[in-house]
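> Here it is, the structure in full.
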Amino acid sequence: MSVAEEFEELYGAAPEGVWAAPGRVNLIGEYTDFNDGFVMPLALPHTAVAAVSRRTDGVLRVHSADVEGGIVQLDVEALEPLSGGGWAAYPAGVVWALREAGHPVTGADIHLASTVPTGAGLSSSAALEVVTALALDELFGLGLGRPEIAVLAQRAENAFVGVPCGVMDQMASACAVEGHALFLDTRDLSYRQVPFDLAARGLRLLVVDTRVKHALGDGAYAERRAGCEAGARALGVRTLREVPYAHLPDALARLSEETVRAYVRHVVSDNRRVERTIALLDSGDAHAVGPVLTEGHVSLRDDLRVSCAELDLVVESANAAGALGARMTGGGFGGSAIVLVEEGTADAVTAAVEKAFAEAGFSAPRVFPAVPSPGARRL
């Protein structure tokens with residue numbers, strides 16, 4: 001049964017429309033987005049799909065095909081940030097954020113279904129937020145641009161759900177283009193679509209979902225964000241984006257706290273890694289991106305300390321089996337890693353990672369290719 005058919009069965013009438021928004025994987029630039037830095041995500045084929053109709057009576061009804069339980073009914077006038085609500089907080093938070101921004105959203109019936117793996121660091125929550133925002137924007141004629149949709153979706157996650165994420169995930173879901181990676185400057189939300197046709201160069205980017213669930217609301221992400229902000233204050237800058245890579249040694253020498261120093265080193269060097277990756281792709285040397293990925297993983301593991309045994313094992317076993325490079329991606333503490341391989345070695349590298357996991361006694365990982373896919377759209 002399609003999402004539209006399920007909607008009609010739930011609510012008794014056909015939806016006014018059906019929309020989709022993708023999850024994302026981030027090629028390079030991690031924990032840089034809330035520091036006004038550079039990131040480079042691409043959209044995945046996996047999407048959150050929403051069948052939606054308007055209501056004019058102030059009632060919001062949401063249902064998920066992926067979660068046990070019935071329809072969740074809410075009063076749009078009574079939506080309160082940080083009031084719990086589980087998965088329903090994501091679409092409800094979007095309605096709240098739109099209304100807070102002055103947009104006349106008077107209620108909706110929403111049915112959601114998602115193929116974005118949850119807890120895998122692939123932005124399943126951003127896909128839910130963006131698909132809801134895009135549907136409501138079109139249905140209520142709000143006239144929002146894609147970056148505006150992304151910022152409102154981020155506000156829903158920050159202020160309503162209570163996760164202090166940056167804007168990368170929502171921008172990737174809202175703005176990505178098929179066959180491209182999104183080079184995003186999170187300081188002003190300017191972006192460039194960078195051609196990313198790995199197949200044409202005999203390459204493949206694998207996503208390895210470790211199946212280790214991560215929860216960013218547990219304080220680890222917030223602690224690192226606070227540490228980065230402390231570093232910026234100590235250096236007398238608004239954000240770490242303002243620290244040039246060439247001046248990094250001087251900046252580090254001015255910081256007394258080792259943890260803050262390590263966070264600053266990671267953010268400034270990862271911004272530089274994004275710039276290096278862009279230069280390599282622009283020059284046609286995609287193979288050389290591999291070592292930059294591995295370098296990024298070492299920084300995330302050692303300076304930011306957001307990796308885990310399973311993520312480290314992906315990187316070590318993949319590289320030992322002939323991968324060009326690999327790194328954890330997303331918030332860490334589980335979730336997924338990416339591996340850049342030559343097309344002919346993809347199966348052997350995948351087998352090596354699976355074997356390493358089995359020998360370590362870990363659950364079998366899920367491995368699939370990251371195909372740069374379209375951003376949010378009406379179906």
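Chain identifiers are assigned as A, B, and so on, following the order in which chains appear in the structure tokens; residues are numbered from 1 within each chain, and ligands are numbered from 1 in order of appearance.
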Using only C-alpha atoms, which residues sit within 8 Å of Val289 in chain A once same-chain residues fewer than 3 positions away are excluded, as a PyMOL selection string?

chain A and resi 277+280-281+285-286+292-293+324-325

> Any idea what's packed within 12 Å of Val371 in chain A, counting only C-alpha atoms, ignoring anything in its chain fewer than 4 positions away? Could you give it as a list in words?

Pro22, Gly23, Arg24, Val25, Leu27, Pro41, Leu42, Ala43, Leu44, Pro45, His46, Ala176, Val177, Glu178, Gly179, His180, Ala181, Phe196, Asp197, Leu198, Ala199, Leu203, Arg204, Leu205, Leu206 and Val207 of chain A

> Which one is closest to Val94 in chain A: A:Ala234, A:Ala358, A:Leu142, A:Leu134? Count only C-alpha atoms.

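Nearest candidate to Val94 in chain A out of A:Ala234, A:Ala358, A:Leu142, A:Leu134: A:Leu134.
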
> Could you give me, as an MDAnalysis selection string, the residues within 12 Å of Pro91 in chain A, counting only C-alpha atoms and dropping anything in the same chain fewer than 5 positions from it?

chainID A and resid 48 50 52 60:64 72:74 76 79 85:86 96:98 107:112 125:136 152:157 160:161

> As a list in words, please: every residue in range 184-296 of chain A that DSSP puts in strand (DSSP E or B).

Leu184, Asp185, Ser190, Tyr191, Arg192, Gln193, Val194, Pro195, Leu203, Arg204, Leu205, Leu206, Val207, Val208 and Asp209 of chain A

> For the structure I just gave you, how does DSSP split range 224-313 of chain A - specifically, which residues are helix (DSSP H, G or I)? Reply as a ChimeraX atom specification.

/A:224-235,240-242,245-253,258-282,286-304,309-313

> Between CA of Met40 in chain A and CA of Ser173 in chain A, what is the spacing in Å?

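That distance, rounded to one decimal, is 12.3 Å.
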
> Which polymer residues have any atom within 8 Å of an atom of Cys175 in chain A, counting only C-alpha atoms, with same-chain residues fewer than 3 positions away left out, as a PyMOL selection string?

chain A and resi 146-147+171-172+182+375-376
